[in-house]
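This report refers to the structure that appears directly beneath it.
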2 protein chains.
Amino acid sequence: MELTLNSPLDMHLHLRDGEMLKNIAKFSAQEFAGALVMPNLVPPITNIESLLSYKKRILDAANDNDFKPYMTLFFKSDYTADFLEKAKPHIAAIKLYPNGVTTNSEGGVEQIDTKKLALIFEAMSELDIPLCVHGETNGFVMDREKEFGVIYEQLATSFPKLTIIMEHITTQASTELLERYENLYATITLHHLLITLDDVVGGLLNPHLFCKPIAKRYEDREALLKLALNANKKVMFGSDSAPHTIDKKECCGCAAGVFSAPIALSALAELFEKHNKLTNLQAFVSNNAKNMYKLTPSKKKITLEKKEWIVPSSYDDVVPMFANQTLKWKVKSKI
Amino acid sequence: MELTLNSPLDMHLHLRDGEMLKNIAKFSAQEFAGALVMPNLVPPITNIESLLSYKKRILDAANDNDFKPYMTLFFKSDYTADFLEKAKPHIAAIKLYPNGVTTNSEGGVEQIDTKKLALIFEAMSELDIPLCVHGETNGFVMDREKEFGVIYEQLATSFPKLTIIMEHITTQASTELLERYENLYATITLHHLLITLDDVVGGLLNPHLFCKPIAKRYEDREALLKLALNANKKVMFGSDSAPHTIDKKECCGCAAGVFSAPIALSALAELFEKHNKLTNLQAFVSNNAKNMYKLTPSKKKITLEKKEWIVPSSYDDVVPMFANQTLKWKVKSKI
């Protein structure tokens, strides 16, 4: 049995830089036609020069795999309309991080004041630049995304022409917001479709499933599954695949992030098949994103075959999701 | 400034066995007059012979520090009234573990059916043997203790003469149960007075604060603090200090447990002083337990002085709570 996906897209990806970029870019480049690349390097990508230089390093690391990096800028509250106009041809979106809420988010926005930032959001609306948001407050870890809901509502109602993407949503509350406001969209990760907080701290502690936003309750996962499996047009796949070396994950004070790029399509196929929704996978991993972002990726086709394989314990020194476990679908070839 | 505590008691302690016991017993033996020792060895302590032999190994490891181990049996649903009568002189309590809810709880009770187990609970009531309970279901990690509340209520109402100790409570819900039923008591750990889930997974992942029950929300911690700081007569200090070697804590699939024995009294003094409740510490760490368990520990006095010290990064290969951090009170001498 085979399954062919046309132009699969990963609309939320961390590719890092330097050696890590060189080591891990291939996992996404081989299996996706493109990906929205997050700008939270150290220092973050905040100007066109560093963005284009980063894009070149990504294309080099992708090694001719017919892979398109859709670039993003790290939101800064001093961006001008003039700058945004110049940036527009080079970017697919701007990513907003509240200061300090996740890996390398230092330098993010201290306070999301929709009045003070109105000029930027209006310029983005005008230029049709989507705003991607890491939607968490600095509150209690299980409440951070839900508390951020008021900010999403302010943004959605104050800037009705702004396309707002709630990144890596993890809660039922966010799925309700999505239904309520026309200009709100969302990405959903693989891991948030599969795990709950129980998988992180419910049995033995699993640092490899520790991520931000933290996985939530069963009812939250159900709400996310419902959207993804039914290929709701407002949701897209975004892996949030985030590699850290093993010493940063199995330690004291471990980094947040799940490295899912090498297994994302296989695991998604297994999940959608299990729920008898395999025919909706194409929309979730490509069509919805193409429509929403108005993308024209290459015609790259990825074929998966129903064939068991065991996920390696690590790729170099990065442990992937499902390490040492068996998956039922295997990427066969790129045509 | 000095503070002298009379006969401090740790009413919930894991001393393990073998090399670990030999390495860590001194930390409790030097600073406490006695401790209630948990029976969840592998295999668990379920008969008098293994209990007495374990007690002897503890006393050897305690190395003449005038330390009294109060022994417990691991609850089994086939205990008879006759067995309990024979065990009574050797034990301070029986510890009930629902099967599989925490470290070495395999072989615990599959279903706590108060009717099927009535003969045991009645015999324990008759013999005045307290029942210590690890009160968690197998539900979602944040709900397990609250869900167990119905079992506590069944036990409390079905066996009004049974002394029931809710071990290491972590929720506001449990503090309310405590007020509602006369025969319910509780132990509270040091770490649950200090941390919330934010300290475990809210920033970087901290495996050394990963414990069962998992630390909960701020309002839960407030409710526990209120009981402890006011020396509520129904609560006692129980550290639940649970050593694991560093390779079991900083790894993939890490064990639950905080090793607090070496710093427990210092950190408690600092906490109680911070809240201007230092005069209530004596009741929390000794008097309440003596009254409830009807204990006559030795007259051991532990003096702490107001003197900063840095907690070692590890004791042998076990990382203590507050490793590398400064505490304000230091245990000075045993008189």
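Every chain in the structure tokens has a letter given in the order shown (A, B, ...), and although residue numbers restart at 1 in each chain, ligands are simply numbered from 1 in the order shown.
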- Query: Neighbours of Leu193 of chain B within 10 Å (only C-alpha atoms; same-chain residues fewer than 5 positions away dropped), as a count of residues only?
  - Reply: 14
- Item | Residue set, segment 55-161 of chain B restricted to alpha helix (DSSP H), as JSON, numbers by chain | {"B": [55, 56, 57, 58, 59, 60, 61, 62, 81, 82, 83, 84, 85, 86, 87, 118, 119, 120, 121, 122, 123, 124, 125, 126, 127, 144, 145, 146, 147, 148, 149, 150, 151, 152, 153, 154, 155, 156, 157, 158]}
Same residues, N, CA and C atoms, output as a compact mmCIF listing (two decimals), in the first residue's frame:
```txt
# COMPACT_ATOMS: atom_id res chain seq x y z
N LYS B 55 15.03 -3.31 59.49
CA LYS B 55 15.22 -2.37 60.60
C LYS B 55 16.66 -2.46 61.13
N LYS B 56 17.16 -3.70 61.20
CA LYS B 56 18.53 -3.87 61.69
C LYS B 56 19.53 -3.22 60.71
N ARG B 57 19.29 -3.40 59.42
CA ARG B 57 20.21 -2.79 58.44
C ARG B 57 20.16 -1.25 58.51
N ILE B 58 18.96 -0.73 58.80
CA ILE B 58 18.84 0.72 58.95
C ILE B 58 19.63 1.20 60.17
N LEU B 59 19.46 0.48 61.29
CA LEU B 59 20.16 0.89 62.51
C LEU B 59 21.67 0.81 62.32
N ASP B 60 22.12 -0.21 61.61
CA ASP B 60 23.56 -0.31 61.32
C ASP B 60 24.01 0.90 60.50
N ALA B 61 23.21 1.22 59.47
CA ALA B 61 23.59 2.33 58.59
C ALA B 61 23.49 3.68 59.31
N ALA B 62 22.61 3.74 60.31
CA ALA B 62 22.42 5.01 61.04
C ALA B 62 23.61 5.30 61.94
N ALA B 81 -6.21 -10.68 60.43
CA ALA B 81 -6.24 -10.02 61.74
C ALA B 81 -5.16 -10.62 62.64
N ASP B 82 -4.97 -11.92 62.50
CA ASP B 82 -3.97 -12.61 63.30
C ASP B 82 -2.56 -12.08 62.99
N PHE B 83 -2.28 -11.95 61.70
CA PHE B 83 -0.98 -11.42 61.28
C PHE B 83 -0.77 -9.99 61.80
N LEU B 84 -1.82 -9.19 61.68
CA LEU B 84 -1.71 -7.79 62.11
C LEU B 84 -1.43 -7.70 63.61
N GLU B 85 -2.05 -8.60 64.37
CA GLU B 85 -1.83 -8.60 65.82
C GLU B 85 -0.37 -8.93 66.12
N LYS B 86 0.18 -9.89 65.38
CA LYS B 86 1.59 -10.24 65.58
C LYS B 86 2.52 -9.10 65.14
N ALA B 87 2.10 -8.40 64.10
CA ALA B 87 2.95 -7.33 63.56
C ALA B 87 2.94 -6.08 64.42
N ALA B 118 -12.64 -4.74 54.26
CA ALA B 118 -13.18 -4.28 55.55
C ALA B 118 -12.54 -4.99 56.75
N LEU B 119 -12.32 -6.30 56.61
CA LEU B 119 -11.77 -7.03 57.76
C LEU B 119 -10.40 -6.49 58.17
N ILE B 120 -9.61 -6.17 57.17
CA ILE B 120 -8.27 -5.63 57.48
C ILE B 120 -8.38 -4.26 58.14
N PHE B 121 -9.23 -3.40 57.54
CA PHE B 121 -9.33 -2.04 58.10
C PHE B 121 -9.94 -2.07 59.50
N GLU B 122 -10.86 -3.01 59.73
CA GLU B 122 -11.45 -3.11 61.08
C GLU B 122 -10.41 -3.61 62.08
N ALA B 123 -9.63 -4.58 61.65
CA ALA B 123 -8.57 -5.08 62.55
C ALA B 123 -7.57 -3.97 62.86
N MET B 124 -7.22 -3.20 61.84
CA MET B 124 -6.28 -2.09 62.06
C MET B 124 -6.87 -1.06 63.02
N SER B 125 -8.18 -0.79 62.88
CA SER B 125 -8.85 0.15 63.79
C SER B 125 -8.76 -0.37 65.22
N GLU B 126 -9.07 -1.65 65.35
CA GLU B 126 -9.08 -2.30 66.66
C GLU B 126 -7.70 -2.25 67.32
N LEU B 127 -6.69 -2.53 66.50
CA LEU B 127 -5.31 -2.59 67.01
C LEU B 127 -4.65 -1.21 67.04
N ARG B 144 -4.88 13.18 39.60
CA ARG B 144 -4.82 11.90 40.32
C ARG B 144 -5.14 11.99 41.80
N GLU B 145 -4.61 13.01 42.46
CA GLU B 145 -4.84 13.11 43.90
C GLU B 145 -6.28 13.53 44.19
N LYS B 146 -6.75 14.49 43.40
CA LYS B 146 -8.13 14.96 43.61
C LYS B 146 -9.12 13.82 43.36
N GLU B 147 -8.88 13.05 42.30
CA GLU B 147 -9.77 11.91 42.00
C GLU B 147 -9.77 10.89 43.13
N PHE B 148 -8.64 10.78 43.82
CA PHE B 148 -8.55 9.79 44.90
C PHE B 148 -9.39 10.20 46.11
N GLY B 149 -9.82 11.46 46.12
CA GLY B 149 -10.59 11.97 47.25
C GLY B 149 -11.79 11.10 47.64
N VAL B 150 -12.46 10.53 46.66
CA VAL B 150 -13.64 9.71 46.98
C VAL B 150 -13.24 8.47 47.77
N ILE B 151 -12.05 7.94 47.49
CA ILE B 151 -11.56 6.78 48.26
C ILE B 151 -11.27 7.19 49.70
N TYR B 152 -10.64 8.35 49.86
CA TYR B 152 -10.38 8.83 51.22
C TYR B 152 -11.70 8.99 51.98
N GLU B 153 -12.70 9.52 51.29
CA GLU B 153 -13.99 9.73 51.96
C GLU B 153 -14.63 8.40 52.35
N GLN B 154 -14.56 7.42 51.43
CA GLN B 154 -15.10 6.09 51.75
C GLN B 154 -14.38 5.49 52.95
N LEU B 155 -13.07 5.58 52.95
CA LEU B 155 -12.29 5.02 54.06
C LEU B 155 -12.63 5.73 55.36
N ALA B 156 -12.68 7.05 55.30
CA ALA B 156 -12.90 7.84 56.52
C ALA B 156 -14.27 7.58 57.12
N THR B 157 -15.28 7.44 56.25
CA THR B 157 -16.64 7.25 56.78
C THR B 157 -16.92 5.79 57.12
N SER B 158 -16.35 4.86 56.36
CA SER B 158 -16.61 3.44 56.63
C SER B 158 -15.88 2.95 57.87
```
Neighbours of chain B in chain A at 6 Å, counting only C-alpha atoms, as a PDB file with N, CA and C atoms, in the first residue's frame:
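For reference, part-v3.pdb as written:
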```
ATOM      1  N   VAL A 141       2.267  27.311  33.954  1.00  0.00           N
ATOM      2  CA  VAL A 141       2.583  26.576  32.723  1.00  0.00           C
ATOM      3  C   VAL A 141       1.367  25.956  32.017  1.00  0.00           C
ATOM      4  N   ASP A 198       0.651  13.682  30.543  1.00  0.00           N
ATOM      5  CA  ASP A 198       0.954  12.352  31.086  1.00  0.00           C
ATOM      6  C   ASP A 198       2.179  11.718  30.436  1.00  0.00           C
ATOM      7  N   GLY A 202       3.850  11.943  33.533  1.00  0.00           N
ATOM      8  CA  GLY A 202       2.859  11.077  34.175  1.00  0.00           C
ATOM      9  C   GLY A 202       3.414   9.743  34.631  1.00  0.00           C
ATOM     10  N   LEU A 204       7.436   7.746  34.056  1.00  0.00           N
ATOM     11  CA  LEU A 204       8.789   8.243  34.227  1.00  0.00           C
ATOM     12  C   LEU A 204       8.862   9.579  33.498  1.00  0.00           C
ATOM     13  N   LEU A 205       9.809  10.401  33.870  1.00  0.00           N
ATOM     14  CA  LEU A 205       9.968  11.698  33.213  1.00  0.00           C
ATOM     15  C   LEU A 205      10.568  11.489  31.830  1.00  0.00           C
ATOM     16  N   ASN A 206       9.953  12.082  30.794  1.00  0.00           N
ATOM     17  CA  ASN A 206      10.506  11.952  29.451  1.00  0.00           C
ATOM     18  C   ASN A 206      10.958  13.302  28.901  1.00  0.00           C
ATOM     19  N   GLU A 250      19.069  15.420  28.153  1.00  0.00           N
ATOM     20  CA  GLU A 250      19.137  14.472  29.265  1.00  0.00           C
ATOM     21  C   GLU A 250      20.131  15.035  30.261  1.00  0.00           C
ATOM     22  N   CYS A 251      19.623  15.921  31.127  1.00  0.00           N
ATOM     23  CA  CYS A 251      20.547  16.682  31.960  1.00  0.00           C
ATOM     24  C   CYS A 251      19.757  17.291  33.097  1.00  0.00           C
ATOM     25  N   CYS A 252      20.378  18.248  33.745  1.00  0.00           N
ATOM     26  CA  CYS A 252      19.665  19.019  34.750  1.00  0.00           C
ATOM     27  C   CYS A 252      19.430  20.400  34.176  1.00  0.00           C
ATOM     28  N   GLY A 253      18.195  20.758  33.916  1.00  0.00           N
ATOM     29  CA  GLY A 253      17.887  22.040  33.279  1.00  0.00           C
ATOM     30  C   GLY A 253      17.840  21.851  31.780  1.00  0.00           C
ATOM     31  N   CYS A 254      16.946  20.981  31.344  1.00  0.00           N
ATOM     32  CA  CYS A 254      16.953  20.543  29.951  1.00  0.00           C
ATOM     33  C   CYS A 254      16.117  21.472  29.074  1.00  0.00           C
ATOM     34  N   ALA A 255      16.543  21.564  27.831  1.00  0.00           N
ATOM     35  CA  ALA A 255      15.913  22.444  26.862  1.00  0.00           C
ATOM     36  C   ALA A 255      14.584  21.867  26.383  1.00  0.00           C
TER      37      ALA A 255
END
```
- Shell of 7 Å around segment 25-39 of chain B, only C-alpha atoms, local chain residues under 3 positions omitted, as a PyMOL selection string: chain B and resi 7-15+21-22+44-45+61-62+65-74+261-262+297-298+300+302
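Of the listed residues B:Ile263, B:Met236, B:Ile24, B:Ala93, the one whose atoms come nearest to Pro312 of chain B is B:Ile263, with distances taken using only C-alpha atoms.
DSSP, applied to the backbone of this structure, assigns strand (DSSP E) to the following residues of segment 112-264 of chain A: Leu131, Cys132, Val133, Ile164, Ile165, Met166, Leu184, Tyr185, Ala186, Thr187, Ile188, Val235, Met236 and Phe237 of chain A.
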8 Å contact set for Asn99 of chain B, only C-alpha atoms, chain neighbours under 2 positions out, as a compact mmCIF listing (two decimals) with N, CA and C atoms, in the first residue's frame:
```
# COMPACT_ATOMS: atom_id res chain seq x y z
N TYR B 97 -0.32 1.31 48.90
CA TYR B 97 -0.02 1.86 47.56
C TYR B 97 -1.02 1.31 46.56
N VAL B 101 1.31 3.22 40.98
CA VAL B 101 1.21 4.68 40.91
C VAL B 101 2.52 5.42 41.18
N SER B 105 5.83 0.50 43.45
CA SER B 105 4.49 0.26 43.99
C SER B 105 3.84 -0.94 43.32
N GLU B 106 4.59 -1.63 42.50
CA GLU B 106 4.07 -2.83 41.87
C GLU B 106 3.75 -3.85 42.98
N GLY B 107 2.62 -4.55 42.84
CA GLY B 107 2.19 -5.44 43.91
C GLY B 107 1.30 -4.72 44.91
N GLY B 108 1.04 -3.45 44.65
CA GLY B 108 0.12 -2.72 45.50
C GLY B 108 -1.32 -3.14 45.21
N VAL B 109 -2.27 -2.45 45.85
CA VAL B 109 -3.67 -2.84 45.75
C VAL B 109 -4.22 -2.46 44.38
N GLU B 110 -4.87 -3.43 43.70
CA GLU B 110 -5.43 -3.19 42.38
C GLU B 110 -6.65 -2.28 42.48
```
- Message: Would you pick out the contacts of Ala289 of chain A at 10 Å or less, using only C-alpha atoms, so that residues sharing its chain but fewer than 3 positions from it are not included, and give the list as a VMD selection string?
- Response: chain A and resid 8 to 11 185 to 187 233 to 238 283 to 286 292 to 295
Keeping only C-alpha atoms, write the selected residues to a file as a PDB file, in the first residue's frame.
```
ATOM      1  CA  PRO A   8       4.113  18.525   1.704  1.00  0.00           C
ATOM      2  CA  LEU A   9       4.837  21.629   3.776  1.00  0.00           C
ATOM      3  CA  ASP A  10       6.012  22.083   7.330  1.00  0.00           C
ATOM      4  CA  MET A  11       4.709  25.475   8.370  1.00  0.00           C
ATOM      5  CA  TYR A 185      -5.499  30.471  11.727  1.00  0.00           C
ATOM      6  CA  ALA A 186      -3.376  27.856  13.460  1.00  0.00           C
ATOM      7  CA  THR A 187      -0.565  25.393  13.095  1.00  0.00           C
ATOM      8  CA  LYS A 233      -9.234  24.689   6.407  1.00  0.00           C
ATOM      9  CA  LYS A 234      -7.874  27.001   9.081  1.00  0.00           C
ATOM     10  CA  VAL A 235      -5.256  24.597  10.397  1.00  0.00           C
ATOM     11  CA  MET A 236      -1.937  23.561   8.898  1.00  0.00           C
ATOM     12  CA  PHE A 237       0.760  21.156   9.890  1.00  0.00           C
ATOM     13  CA  GLY A 238       3.733  22.808  11.577  1.00  0.00           C
ATOM     14  CA  ALA A 283      -4.975  19.032   3.041  1.00  0.00           C
ATOM     15  CA  PHE A 284      -3.414  19.117   6.497  1.00  0.00           C
ATOM     16  CA  VAL A 285       0.198  18.884   5.304  1.00  0.00           C
ATOM     17  CA  SER A 286      -0.055  21.018   2.198  1.00  0.00           C
ATOM     18  CA  MET A 292      -3.649  30.411   3.433  1.00  0.00           C
ATOM     19  CA  TYR A 293      -0.118  31.586   2.704  1.00  0.00           C
ATOM     20  CA  LYS A 294      -0.787  31.779  -1.083  1.00  0.00           C
ATOM     21  CA  LEU A 295       2.265  29.598  -1.751  1.00  0.00           C
TER      22      LEU A 295
END
```
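In this structure, atom CA of Trp309 of chain A sits 6.7 Å away from atom CA of Lys328 of chain A.
Counting only C-alpha atoms, the residue from B:Glu219, B:Asp240, B:Glu49, B:Glu273 that sits nearest to Lys306 of chain B is B:Glu273.
Closest approach to Lys332 of chain B among B:Asn291, B:Thr171, B:Thr80, B:Ser266: B:Ser266, based on only C-alpha atoms.
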